[in-house]
Structure formats: structure tokens, C-alpha cells
file upload38.pdb (PDB, C-alpha atoms and all ligand atoms)
ATOM      1  CA  MET P  10     156.601 149.900 104.730
ATOM      2  CA  ALA P  11     156.619 149.580 108.526
ATOM      3  CA  GLY P  12     159.377 151.341 110.476
ATOM      4  CA  PRO P  13     162.407 149.505 111.831
ATOM      5  CA  ALA P  14     161.543 146.675 114.213
ATOM      6  CA  LEU P  15     164.381 147.605 116.557
ATOM      7  CA  ASN P  16     165.422 151.011 117.775
ATOM      8  CA  LEU P  17     168.576 151.033 115.732
ATOM      9  CA  VAL P  18     170.986 153.925 115.948
ATOM     10  CA  ALA P  19     173.970 153.271 113.727
ATOM     11  CA  ILE P  20     177.456 154.712 113.411
ATOM     12  CA  TYR P  21     179.082 154.572 109.999
ATOM     13  CA  PRO P  22     182.751 155.285 110.754
ATOM     14  CA  GLY P  23     185.584 155.908 108.350
ATOM     15  CA  SER P  24     188.293 158.206 107.069
ATOM     16  CA  PHE P  25     186.123 159.565 104.227
ATOM     17  CA  ASP P  26     189.154 161.263 102.644
ATOM     18  CA  PRO P  27     187.082 162.067 100.639
ATOM     19  CA  ILE P  28     183.558 160.628 100.530
ATOM     20  CA  THR P  29     182.824 158.659  97.331
ATOM     21  CA  ASN P  30     179.547 157.609  95.739
ATOM     22  CA  GLY P  31     180.240 154.151  97.171
ATOM     23  CA  HIS P  32     180.067 155.621 100.687
ATOM     24  CA  LEU P  33     176.987 157.588  99.707
ATOM     25  CA  ASP P  34     175.256 154.451  98.406
ATOM     26  CA  LEU P  35     175.910 152.760 101.738
ATOM     27  CA  ILE P  36     174.615 155.800 103.643
ATOM     28  CA  SER P  37     171.481 155.837 101.499
ATOM     29  CA  ARG P  38     170.741 152.135 101.990
ATOM     30  CA  GLY P  39     171.789 152.119 105.645
ATOM     31  CA  SER P  40     169.666 155.143 106.529
ATOM     32  CA  ARG P  41     166.550 153.258 105.433
ATOM     33  CA  MET P  42     167.278 150.470 107.920
ATOM     34  CA  VAL P  43     167.816 152.506 111.074
ATOM     35  CA  GLU P  44     166.274 155.333 112.999
ATOM     36  CA  ARG P  45     169.410 157.490 113.095
ATOM     37  CA  LEU P  46     172.610 157.115 111.159
ATOM     38  CA  ILE P  47     175.682 158.968 112.359
ATOM     39  CA  VAL P  48     178.484 159.219 109.830
ATOM     40  CA  ALA P  49     181.658 159.597 111.877
ATOM     41  CA  VAL P  50     184.996 160.819 110.542
ATOM     42  CA  LEU P  51     188.063 159.513 112.355
ATOM     43  CA  ARG P  52     190.350 162.314 113.547
ATOM     44  CA  ASN P  53     193.714 160.714 112.904
ATOM     45  CA  GLU P  54     196.646 162.955 112.071
ATOM     46  CA  ASN P  55     198.962 159.959 111.507
ATOM     47  CA  LYS P  56     197.189 159.114 108.273
ATOM     48  CA  ARG P  57     198.274 162.403 106.586
ATOM     49  CA  PRO P  58     194.920 163.012 104.954
ATOM     50  CA  LEU P  59     194.374 165.093 101.815
ATOM     51  CA  PHE P  60     191.441 166.938 103.376
ATOM     52  CA  SER P  61     191.196 168.215 106.946
ATOM     53  CA  VAL P  62     188.557 166.710 109.233
ATOM     54  CA  GLN P  63     186.552 169.926 108.909
ATOM     55  CA  GLU P  64     186.655 169.750 105.098
ATOM     56  CA  ARG P  65     185.621 166.106 105.122
ATOM     57  CA  VAL P  66     182.752 166.816 107.511
ATOM     58  CA  GLU P  67     181.622 169.725 105.305
ATOM     59  CA  MET P  68     181.643 167.562 102.171
ATOM     60  CA  LEU P  69     179.762 164.786 103.987
ATOM     61  CA  ARG P  70     177.143 167.243 105.258
ATOM     62  CA  GLU P  71     176.650 168.648 101.779
ATOM     63  CA  ALA P  72     176.429 165.190 100.173
ATOM     64  CA  THR P  73     173.999 163.815 102.784
ATOM     65  CA  ARG P  74     171.736 166.866 102.979
ATOM     66  CA  GLY P  75     168.818 164.949 101.468
ATOM     67  CA  PHE P  76     168.734 162.309 104.228
ATOM     68  CA  SER P  77     166.676 163.497 107.183
ATOM     69  CA  ASN P  78     167.939 160.877 109.666
ATOM     70  CA  VAL P  79     171.643 161.183 108.825
ATOM     71  CA  GLU P  80     174.052 163.247 110.949
ATOM     72  CA  VAL P  81     177.762 163.828 110.505
ATOM     73  CA  GLY P  82     180.301 163.981 113.313
ATOM     74  CA  SER P  83     183.943 163.219 114.048
ATOM     75  CA  PHE P  84     185.697 161.226 116.727
ATOM     76  CA  ASP P  85     189.040 160.202 118.117
ATOM     77  CA  GLY P  86     189.932 157.396 120.474
ATOM     78  CA  LEU P  87     188.012 154.151 120.404
ATOM     79  CA  LEU P  88     185.133 153.895 117.980
ATOM     80  CA  VAL P  89     183.026 151.846 120.394
ATOM     81  CA  ASN P  90     183.345 154.541 123.079
ATOM     82  CA  TYR P  91     182.171 157.201 120.635
ATOM     83  CA  ALA P  92     179.327 154.910 119.541
ATOM     84  CA  ALA P  93     178.238 154.373 123.153
ATOM     85  CA  ALA P  94     178.424 158.111 123.902
ATOM     86  CA  GLN P  95     176.146 158.738 120.917
ATOM     87  CA  GLY P  96     173.670 156.098 122.085
ATOM     88  CA  ALA P  97     174.428 153.935 119.040
ATOM     89  CA  ASN P  98     173.896 150.181 119.132
ATOM     90  CA  LEU P  99     175.165 149.333 115.660
ATOM     91  CA  ILE P 100     178.320 149.909 113.644
ATOM     92  CA  LEU P 101     177.773 149.883 109.917
ATOM     93  CA  ARG P 102     180.553 149.100 107.441
ATOM     94  CA  GLY P 103     180.668 148.378 103.729
ATOM     95  CA  ILE P 104     182.452 145.494 102.049
ATOM     96  CA  ARG P 105     183.484 145.780  98.408
ATOM     97  CA  ALA P 106     185.569 142.702  97.736
ATOM     98  CA  ILE P 107     186.866 139.710  99.623
ATOM     99  CA  SER P 108     190.092 141.676 100.197
ATOM    100  CA  ASP P 109     188.161 144.010 102.537
ATOM    101  CA  TYR P 110     186.876 141.104 104.580
ATOM    102  CA  GLU P 111     189.875 140.134 106.700
ATOM    103  CA  HIS P 112     190.557 143.609 108.058
ATOM    104  CA  GLU P 113     186.855 144.244 108.624
ATOM    105  CA  LEU P 114     186.511 140.943 110.493
ATOM    106  CA  GLN P 115     189.421 141.841 112.777
ATOM    107  CA  MET P 116     187.953 145.247 113.553
ATOM    108  CA  ALA P 117     184.460 143.844 114.141
ATOM    109  CA  LEU P 118     185.765 141.167 116.514
ATOM    110  CA  MET P 119     187.919 143.663 118.420
ATOM    111  CA  ASN P 120     185.000 146.060 118.719
ATOM    112  CA  ARG P 121     182.747 143.243 119.929
ATOM    113  CA  ARG P 122     185.311 142.269 122.546
ATOM    114  CA  LEU P 123     185.558 145.866 123.735
ATOM    115  CA  ARG P 124     181.781 146.406 123.836
ATOM    116  CA  PRO P 125     179.717 143.263 123.171
ATOM    117  CA  GLU P 126     176.462 145.221 123.301
ATOM    118  CA  ILE P 127     177.348 147.056 120.075
ATOM    119  CA  GLU P 128     176.842 144.911 116.986
ATOM    120  CA  THR P 129     178.611 145.377 113.631
ATOM    121  CA  ALA P 130     176.669 144.921 110.402
ATOM    122  CA  PHE P 131     178.073 144.869 106.886
ATOM    123  CA  LEU P 132     176.418 145.973 103.700
ATOM    124  CA  MET P 133     177.790 144.802 100.369
ATOM    125  CA  ALA P 134     178.802 147.715  98.180
ATOM    126  CA  GLY P 135     176.539 148.311  95.202
ATOM    127  CA  GLU P 136     178.102 146.569  92.178
ATOM    128  CA  ALA P 137     178.462 149.900  90.373
ATOM    129  CA  TYR P 138     180.647 151.127  93.240
ATOM    130  CA  SER P 139     182.646 148.062  94.166
ATOM    131  CA  PHE P 140     185.816 149.335  92.484
ATOM    132  CA  ILE P 141     185.731 152.891  93.858
ATOM    133  CA  SER P 142     187.968 153.905  96.719
ATOM    134  CA  SER P 143     189.018 157.278  98.101
ATOM    135  CA  HIS P 144     192.591 156.184  97.493
ATOM    136  CA  LEU P 145     192.078 155.532  93.751
ATOM    137  CA  VAL P 146     190.113 158.741  93.287
ATOM    138  CA  LYS P 147     193.014 160.697  94.800
ATOM    139  CA  GLN P 148     195.404 158.941  92.446
ATOM    140  CA  VAL P 149     193.382 159.586  89.288
ATOM    141  CA  VAL P 150     192.425 163.264  89.675
ATOM    142  CA  PRO P 151     195.939 164.780  89.745
ATOM    143  CA  LEU P 152     196.723 162.771  86.597
ATOM    144  CA  GLY P 153     193.783 164.359  84.793
ATOM    145  CA  GLY P 154     191.370 161.410  85.100
ATOM    146  CA  ASP P 155     187.637 162.091  85.203
ATOM    147  CA  VAL P 156     185.895 161.056  88.422
ATOM    148  CA  ALA P 157     182.451 162.492  87.623
ATOM    149  CA  GLY P 158     179.839 159.992  88.767
ATOM    150  CA  LEU P 159     182.279 158.356  91.189
ATOM    151  CA  VAL P 160     182.167 161.085  93.824
ATOM    152  CA  PRO P 161     179.524 163.681  94.774
ATOM    153  CA  PRO P 162     179.816 166.956  92.802
ATOM    154  CA  VAL P 163     181.056 168.847  95.886
ATOM    155  CA  VAL P 164     183.951 166.399  96.180
ATOM    156  CA  GLU P 165     184.781 166.533  92.479
ATOM    157  CA  ALA P 166     185.029 170.323  92.664
ATOM    158  CA  ARG P 167     187.190 170.263  95.808
ATOM    159  CA  LEU P 168     189.499 167.619  94.357
ATOM    160  CA  LYS P 169     190.040 169.666  91.208
ATOM    161  CA  GLU P 170     190.663 172.729  93.326
ATOM    162  CA  ARG P 171     193.096 170.882  95.574
ATOM    163  CA  TYR P 172     195.070 169.524  92.671
ATOM    164  CA  ALA P 173     194.607 172.726  90.649
ATOM    165  CA  VAL P 174     193.136 170.773  87.759
ATOM    166  CA  GLN P 175     191.580 173.003  85.087
ATOM    167  CA  GLN P 176     187.816 173.265  85.690
ATOM    168  CA  GLU P 177     185.548 173.362  82.628
TER     169      GLU P 177
HETATM  170  O1  LIG K 201     187.715 154.354 106.267
HETATM  171  P1  LIG K 201     188.647 153.521 107.085
HETATM  172  O2  LIG K 201     190.011 154.182 107.151
HETATM  173  O3  LIG K 201     188.720 152.104 106.589
HETATM  174  O4  LIG K 201     188.034 153.493 108.583
HETATM  175  C1  LIG K 201     188.714 152.825 109.630
HETATM  176  C2  LIG K 201     188.054 153.111 110.996
HETATM  177  C3  LIG K 201     187.892 154.594 111.231
HETATM  178  C4  LIG K 201     186.693 152.449 111.016
HETATM  179  C5  LIG K 201     188.943 152.460 112.103
HETATM  180  O5  LIG K 201     190.280 152.833 111.887
HETATM  181  C6  LIG K 201     188.546 152.845 113.519
HETATM  182  O6  LIG K 201     187.472 152.515 113.975
HETATM  183  N1  LIG K 201     189.442 153.565 114.224
HETATM  184  C7  LIG K 201     189.198 154.035 115.573
HETATM  185  C8  LIG K 201     190.125 153.362 116.578
HETATM  186  C9  LIG K 201     189.505 152.085 117.136
HETATM  187  O7  LIG K 201     188.429 152.077 117.684
HETATM  188  N2  LIG K 201     190.253 150.958 117.032
HETATM  189  C10 LIG K 201     189.835 149.678 117.569
HETATM  190  C11 LIG K 201     188.927 148.889 116.665
HETATM  191  S1  LIG K 201     189.754 148.276 115.268
END

call {"tool": "encode", "arguments": {"input": "upload38.pdb", "output": "C-alpha cells"}}
result
Amino acid sequence: MAGPALNLVAIYPGSFDPITNGHLDLISRGSRMVERLIVAVLRNENKRPLFSVQERVEMLREATRGFSNVEVGSFDGLLVNYAAAQGANLILRGIRAISDYEHELQMALMNRRLRPEIETAFLMAGEAYSFISSHLVKQVVPLGGDVAGLVPPVVEARLKERYAVQQE
């Protein structure tokens, strides 16, 4: 297959608290469409995350080790400013269900208003992943639910550790 027609450098921003296999699927598919893909963790203390930014970055790095054009970073302030500083011309986001659409549309339009030269593109979540969310994973693990196959192994282990769930 020929390389990308445009010099696309994409930012895939999010909370990633923690990364799920849905995120990983999007990273895998997105990385094939662009030259560089920068996965960017939002540094936002107001959200009271389960994992620190450093932990989330570590898990992302471990889970994306096999992708040669994927980097992991973190940002605060406006996403579009971080994207511009990284030389990115595309923001990549995933959409699972119609319920994601409205919020994503608002963010995409705001980002376009702030920096019209940076485009937002959406990928539909793989059907096997359309029900997974970081939020649900965090709800299920402390109650003893099995999330194997829904999150990368590094995340499964850290979740069990965090919630002190018995490891087999
Ligand atoms: O994984 P999330 O929590 O849905 O990701 C949301 C994120 C990080 C993409 C969004 O909150 C964001 O871009 N925040 C940075 C602040 C910003 O640029 N706001 C203006 C555009 S909405």
C-alpha cells in the first residue's frame, strides 16, 4: 500500500484513565492512516483520576510499544495549542454510540473555531469495543468483575493492584 497522501500528524487526546482495548483499537487503526500519531493525556486534576498522569502515560507507552509511529505525551491548557506546538494538523477521536456524538461535535467545532487549520476526524469504534469505557471498567473491577480482553494486560494488572483484587 502507498504511504499517506498527506503529511498527517495526528493527536489522539483523552483522559485515558485507564486506556482500554477500545482506545488501543483506535490507535492501531489511526496509526496506519498518518505519519505520526501522538497520544496525549490531559493533565486535569479536577477530574480526580484513578491513575496519575505518569501512570497513565506509562500504561499507554507499554500498550503501544508495538507501533513505531506512535508517541505518548501529556498536555494541559488548550488541546489545539498543544497540537500546534507538536506540529499536528489532525485531531483524532473515537465515537462509540450516538450518545458520544453531541459532545464530540461541540468539541470539534470549538477546536475548529480556535484553530481552523487543525481538522478533527472521527473513527467509529470497532463493534467489539463499542460498549467499553474506562468508567465502566473502573466500576466492574472493584466488584470482582473480569475485564480480561477489555483492557491491555498491563492495565488489568494495575487495576487489580489498585483495588487490591486477588490476582490468580
Ligand atoms: O477522554 P476524554 O475525557 O473524553 O477527553 C476529553 C479531552 C481531553 C479531549 C478534552 O477534555 C480536551 O481536549 N480538553 C482540553 C481543553 C480544551 O482544549 N478545551 C477546548 C476544546 S473542547

call {"tool": "resolve_selection", "arguments": {"input": "upload38.pdb", "expression": "the PyMOL selection byres (((chain P and resi 126) around 12) and not hetatm)", "output": "VMD selection string"}}
result
chain P and resid 89 to 90 92 to 93 96 to 100 120 to 125 127 to 129

call {"tool": "write_last_selection", "arguments": {"input": "upload38.pdb", "atoms": "C-alpha atoms", "output": "CSV table (one decimal), in the frame of the given file"}}
result
chain,number,residue,atom,x,y,z
P,89,VAL,CA,183.0,151.8,120.4
P,90,ASN,CA,183.3,154.5,123.1
P,92,ALA,CA,179.3,154.9,119.5
P,93,ALA,CA,178.2,154.4,123.2
P,96,GLY,CA,173.7,156.1,122.1
P,97,ALA,CA,174.4,153.9,119.0
P,98,ASN,CA,173.9,150.2,119.1
P,99,LEU,CA,175.2,149.3,115.7
P,100,ILE,CA,178.3,149.9,113.6
P,120,ASN,CA,185.0,146.1,118.7
P,121,ARG,CA,182.7,143.2,119.9
P,122,ARG,CA,185.3,142.3,122.5
P,123,LEU,CA,185.6,145.9,123.7
P,124,ARG,CA,181.8,146.4,123.8
P,125,PRO,CA,179.7,143.3,123.2
P,127,ILE,CA,177.3,147.1,120.1
P,128,GLU,CA,176.8,144.9,117.0
P,129,THR,CA,178.6,145.4,113.6

call {"tool": "resolve_selection", "arguments": {"input": "upload38.pdb", "expression": "the PyMOL selection byres (((not hetatm)) within 10 of (chain K and resi 201))", "output": "VMD selection string"}}
result
chain P and resid 20 to 28 32 49 to 53 56 83 to 92 100 to 103 109 112 to 123 142 to 143

call {"tool": "atom_distance", "arguments": {"input": "upload38.pdb", "atom1": "CA of Asn78 in chain P", "atom2": "CA of Asn16 in chain P"}}
result
13.0 Å

call {"tool": "resolve_selection", "arguments": {"input": "upload38.pdb", "expression": "the PyMOL selection byres (((chain P and resi 146-151) around 9) and not hetatm)", "output": "list in words"}}
result
Asp26, Pro27, Thr29, Leu59, Ile141, Ser142, Ser143, His144, Leu145, Leu152, Gly153, Gly154, Asp155, Val156, Leu159, Val160, Glu165, Leu168, Lys169, Arg171, Tyr172, Ala173 and Val174 of chain P

call {"tool": "residues_around", "arguments": {"input": "upload38.pdb", "residues": "Phe140 in chain P", "least_positions_apart": "5", "cutoff": "10 Å", "atoms": "only C-alpha atoms", "output": "PyMOL selection string"}}
result
chain P and resi 31+105-106+134-135+145+159

call {"tool": "closest_residue", "arguments": {"input": "upload38.pdb", "among": "P:Glu111, P:Ser139, P:Phe131, P:Leu69", "to": "Ala19 in chain P", "atoms": "all atoms listed in the file"}}
result
P:Phe131

call {"tool": "closest_residue", "arguments": {"input": "upload38.pdb", "among": "P:Gln95, P:Gln63, P:Ser108, P:Ser77", "to": "Arg41 in chain P", "atoms": "all atoms listed in the file"}}
result
P:Ser77

call {"tool": "atom_distance", "arguments": {"input": "upload38.pdb", "atom1": "CA of Gly39 in chain P", "atom2": "CA of Ala130 in chain P"}}
result
9.9 Å

call {"tool": "closest_residue", "arguments": {"input": "upload38.pdb", "among": "P:Pro58, P:Asn30, P:Leu46, P:Met68", "to": "Gly158 in chain P", "atoms": "all atoms listed in the file"}}
result
P:Asn30

call {"tool": "atom_distance", "arguments": {"input": "upload38.pdb", "atom1": "CA of Ser37 in chain P", "atom2": "CA of Glu54 in chain P"}}
result
28.2 Å

call {"tool": "axis_aligned_box", "arguments": {"input": "upload38.pdb", "around": "range 40-50 of chain P", "padding_each_side": "8 Å", "output": "JSON"}}
result
{"center_x": 175.6, "center_y": 155.6, "center_z": 109.3, "size_x": 34.7, "size_y": 26.3, "size_z": 23.7}

call {"tool": "closest_residue", "arguments": {"input": "upload38.pdb", "among": "P:Val48, P:Ile107, P:Phe60, P:Tyr138", "to": "Phe76 in chain P", "atoms": "only C-alpha atoms"}}
result
P:Val48

call {"tool": "build_atoms", "arguments": {"input": "upload38.pdb", "residues": "range 50-61 of chain P", "atoms": "all heavy atoms", "output": "PDB file, keeping the file's coordinate frame"}}
result
ATOM      1  N   VAL P  50     183.662 160.706 111.139  1.00  0.00           N
ATOM      2  CA  VAL P  50     184.996 160.819 110.542  1.00  0.00           C
ATOM      3  C   VAL P  50     186.047 160.637 111.632  1.00  0.00           C
ATOM      4  O   VAL P  50     186.002 161.317 112.665  1.00  0.00           O
ATOM      5  CB  VAL P  50     185.179 162.221 109.905  1.00  0.00           C
ATOM      6  CG1 VAL P  50     186.575 162.371 109.319  1.00  0.00           C
ATOM      7  CG2 VAL P  50     184.110 162.478 108.852  1.00  0.00           C
ATOM      8  N   LEU P  51     186.981 159.729 111.387  1.00  0.00           N
ATOM      9  CA  LEU P  51     188.063 159.513 112.355  1.00  0.00           C
ATOM     10  C   LEU P  51     189.042 160.681 112.302  1.00  0.00           C
ATOM     11  O   LEU P  51     189.518 161.056 111.232  1.00  0.00           O
ATOM     12  CB  LEU P  51     188.803 158.204 112.031  1.00  0.00           C
ATOM     13  CG  LEU P  51     190.054 157.933 112.867  1.00  0.00           C
ATOM     14  CD1 LEU P  51     189.689 157.686 114.327  1.00  0.00           C
ATOM     15  CD2 LEU P  51     190.834 156.754 112.312  1.00  0.00           C
ATOM     16  N   ARG P  52     189.337 161.257 113.483  1.00  0.00           N
ATOM     17  CA  ARG P  52     190.350 162.314 113.547  1.00  0.00           C
ATOM     18  C   ARG P  52     191.689 161.639 113.813  1.00  0.00           C
ATOM     19  O   ARG P  52     191.984 161.248 114.931  1.00  0.00           O
ATOM     20  CB  ARG P  52     190.042 163.289 114.698  1.00  0.00           C
ATOM     21  CG  ARG P  52     188.787 164.103 114.484  1.00  0.00           C
ATOM     22  CD  ARG P  52     188.781 165.314 115.391  1.00  0.00           C
ATOM     23  NE  ARG P  52     188.628 164.971 116.782  1.00  0.00           N
ATOM     24  CZ  ARG P  52     187.465 164.925 117.419  1.00  0.00           C
ATOM     25  NH1 ARG P  52     186.347 165.207 116.795  1.00  0.00           N
ATOM     26  NH2 ARG P  52     187.408 164.597 118.694  1.00  0.00           N
ATOM     27  N   ASN P  53     192.447 161.428 112.754  1.00  0.00           N
ATOM     28  CA  ASN P  53     193.714 160.714 112.904  1.00  0.00           C
ATOM     29  C   ASN P  53     194.786 161.410 112.084  1.00  0.00           C
ATOM     30  O   ASN P  53     194.859 161.257 110.873  1.00  0.00           O
ATOM     31  CB  ASN P  53     193.541 159.255 112.441  1.00  0.00           C
ATOM     32  CG  ASN P  53     194.813 158.449 112.614  1.00  0.00           C
ATOM     33  OD1 ASN P  53     195.845 159.000 113.001  1.00  0.00           O
ATOM     34  ND2 ASN P  53     194.740 157.165 112.334  1.00  0.00           N
ATOM     35  N   GLU P  54     195.613 162.174 112.768  1.00  0.00           N
ATOM     36  CA  GLU P  54     196.646 162.955 112.071  1.00  0.00           C
ATOM     37  C   GLU P  54     197.730 162.064 111.474  1.00  0.00           C
ATOM     38  O   GLU P  54     198.408 162.455 110.537  1.00  0.00           O
ATOM     39  CB  GLU P  54     197.272 163.988 113.024  1.00  0.00           C
ATOM     40  CG  GLU P  54     196.289 165.026 113.555  1.00  0.00           C
ATOM     41  CD  GLU P  54     195.437 165.694 112.469  1.00  0.00           C
ATOM     42  OE1 GLU P  54     195.972 165.966 111.377  1.00  0.00           O
ATOM     43  OE2 GLU P  54     194.237 165.921 112.704  1.00  0.00           O
ATOM     44  N   ASN P  55     197.902 160.850 112.006  1.00  0.00           N
ATOM     45  CA  ASN P  55     198.962 159.959 111.507  1.00  0.00           C
ATOM     46  C   ASN P  55     198.745 159.558 110.062  1.00  0.00           C
ATOM     47  O   ASN P  55     199.678 159.177 109.363  1.00  0.00           O
ATOM     48  CB  ASN P  55     199.037 158.668 112.345  1.00  0.00           C
ATOM     49  CG  ASN P  55     199.378 158.990 113.784  1.00  0.00           C
ATOM     50  OD1 ASN P  55     199.948 160.036 114.050  1.00  0.00           O
ATOM     51  ND2 ASN P  55     199.013 158.091 114.686  1.00  0.00           N
ATOM     52  N   LYS P  56     197.498 159.601 109.624  1.00  0.00           N
ATOM     53  CA  LYS P  56     197.189 159.114 108.273  1.00  0.00           C
ATOM     54  C   LYS P  56     197.534 160.132 107.179  1.00  0.00           C
ATOM     55  O   LYS P  56     197.387 159.822 106.011  1.00  0.00           O
ATOM     56  CB  LYS P  56     195.699 158.744 108.192  1.00  0.00           C
ATOM     57  CG  LYS P  56     195.412 157.322 108.650  1.00  0.00           C
ATOM     58  CD  LYS P  56     194.094 156.825 108.092  1.00  0.00           C
ATOM     59  CE  LYS P  56     193.971 155.315 108.151  1.00  0.00           C
ATOM     60  NZ  LYS P  56     192.688 154.871 107.584  1.00  0.00           N
ATOM     61  N   ARG P  57     197.962 161.329 107.539  1.00  0.00           N
ATOM     62  CA  ARG P  57     198.274 162.403 106.586  1.00  0.00           C
ATOM     63  C   ARG P  57     197.199 162.515 105.503  1.00  0.00           C
ATOM     64  O   ARG P  57     197.423 162.220 104.335  1.00  0.00           O
ATOM     65  CB  ARG P  57     199.648 162.157 105.932  1.00  0.00           C
ATOM     66  CG  ARG P  57     200.790 162.230 106.932  1.00  0.00           C
ATOM     67  CD  ARG P  57     202.106 161.778 106.340  1.00  0.00           C
ATOM     68  NE  ARG P  57     203.176 162.763 106.423  1.00  0.00           N
ATOM     69  CZ  ARG P  57     203.413 163.693 105.514  1.00  0.00           C
ATOM     70  NH1 ARG P  57     202.648 163.828 104.466  1.00  0.00           N
ATOM     71  NH2 ARG P  57     204.427 164.514 105.655  1.00  0.00           N
ATOM     72  N   PRO P  58     196.026 162.948 105.901  1.00  0.00           N
ATOM     73  CA  PRO P  58     194.920 163.012 104.954  1.00  0.00           C
ATOM     74  C   PRO P  58     195.088 164.134 103.938  1.00  0.00           C
ATOM     75  O   PRO P  58     195.834 165.089 104.171  1.00  0.00           O
ATOM     76  CB  PRO P  58     193.710 163.290 105.851  1.00  0.00           C
ATOM     77  CG  PRO P  58     194.282 163.966 107.046  1.00  0.00           C
ATOM     78  CD  PRO P  58     195.669 163.419 107.239  1.00  0.00           C
ATOM     79  N   LEU P  59     194.376 164.018 102.817  1.00  0.00           N
ATOM     80  CA  LEU P  59     194.374 165.093 101.815  1.00  0.00           C
ATOM     81  C   LEU P  59     193.513 166.249 102.306  1.00  0.00           C
ATOM     82  O   LEU P  59     193.873 167.404 102.166  1.00  0.00           O
ATOM     83  CB  LEU P  59     193.818 164.546 100.487  1.00  0.00           C
ATOM     84  CG  LEU P  59     193.671 165.566  99.365  1.00  0.00           C
ATOM     85  CD1 LEU P  59     195.029 166.122  98.931  1.00  0.00           C
ATOM     86  CD2 LEU P  59     192.964 164.942  98.155  1.00  0.00           C
ATOM     87  N   PHE P  60     192.357 165.914 102.893  1.00  0.00           N
ATOM     88  CA  PHE P  60     191.441 166.938 103.376  1.00  0.00           C
ATOM     89  C   PHE P  60     191.421 166.936 104.903  1.00  0.00           C
ATOM     90  O   PHE P  60     191.498 165.862 105.525  1.00  0.00           O
ATOM     91  CB  PHE P  60     190.022 166.667 102.863  1.00  0.00           C
ATOM     92  CG  PHE P  60     189.882 166.828 101.367  1.00  0.00           C
ATOM     93  CD1 PHE P  60     189.777 165.720 100.537  1.00  0.00           C
ATOM     94  CD2 PHE P  60     189.853 168.094 100.786  1.00  0.00           C
ATOM     95  CE1 PHE P  60     189.654 165.865  99.159  1.00  0.00           C
ATOM     96  CE2 PHE P  60     189.733 168.256  99.415  1.00  0.00           C
ATOM     97  CZ  PHE P  60     189.631 167.136  98.591  1.00  0.00           C
ATOM     98  N   SER P  61     191.290 168.119 105.483  1.00  0.00           N
ATOM     99  CA  SER P  61     191.196 168.215 106.946  1.00  0.00           C
ATOM    100  C   SER P  61     189.882 167.574 107.402  1.00  0.00           C
ATOM    101  O   SER P  61     188.960 167.387 106.597  1.00  0.00           O
ATOM    102  CB  SER P  61     191.241 169.682 107.380  1.00  0.00           C
ATOM    103  OG  SER P  61     190.033 170.317 106.996  1.00  0.00           O
TER     104      SER P  61
END
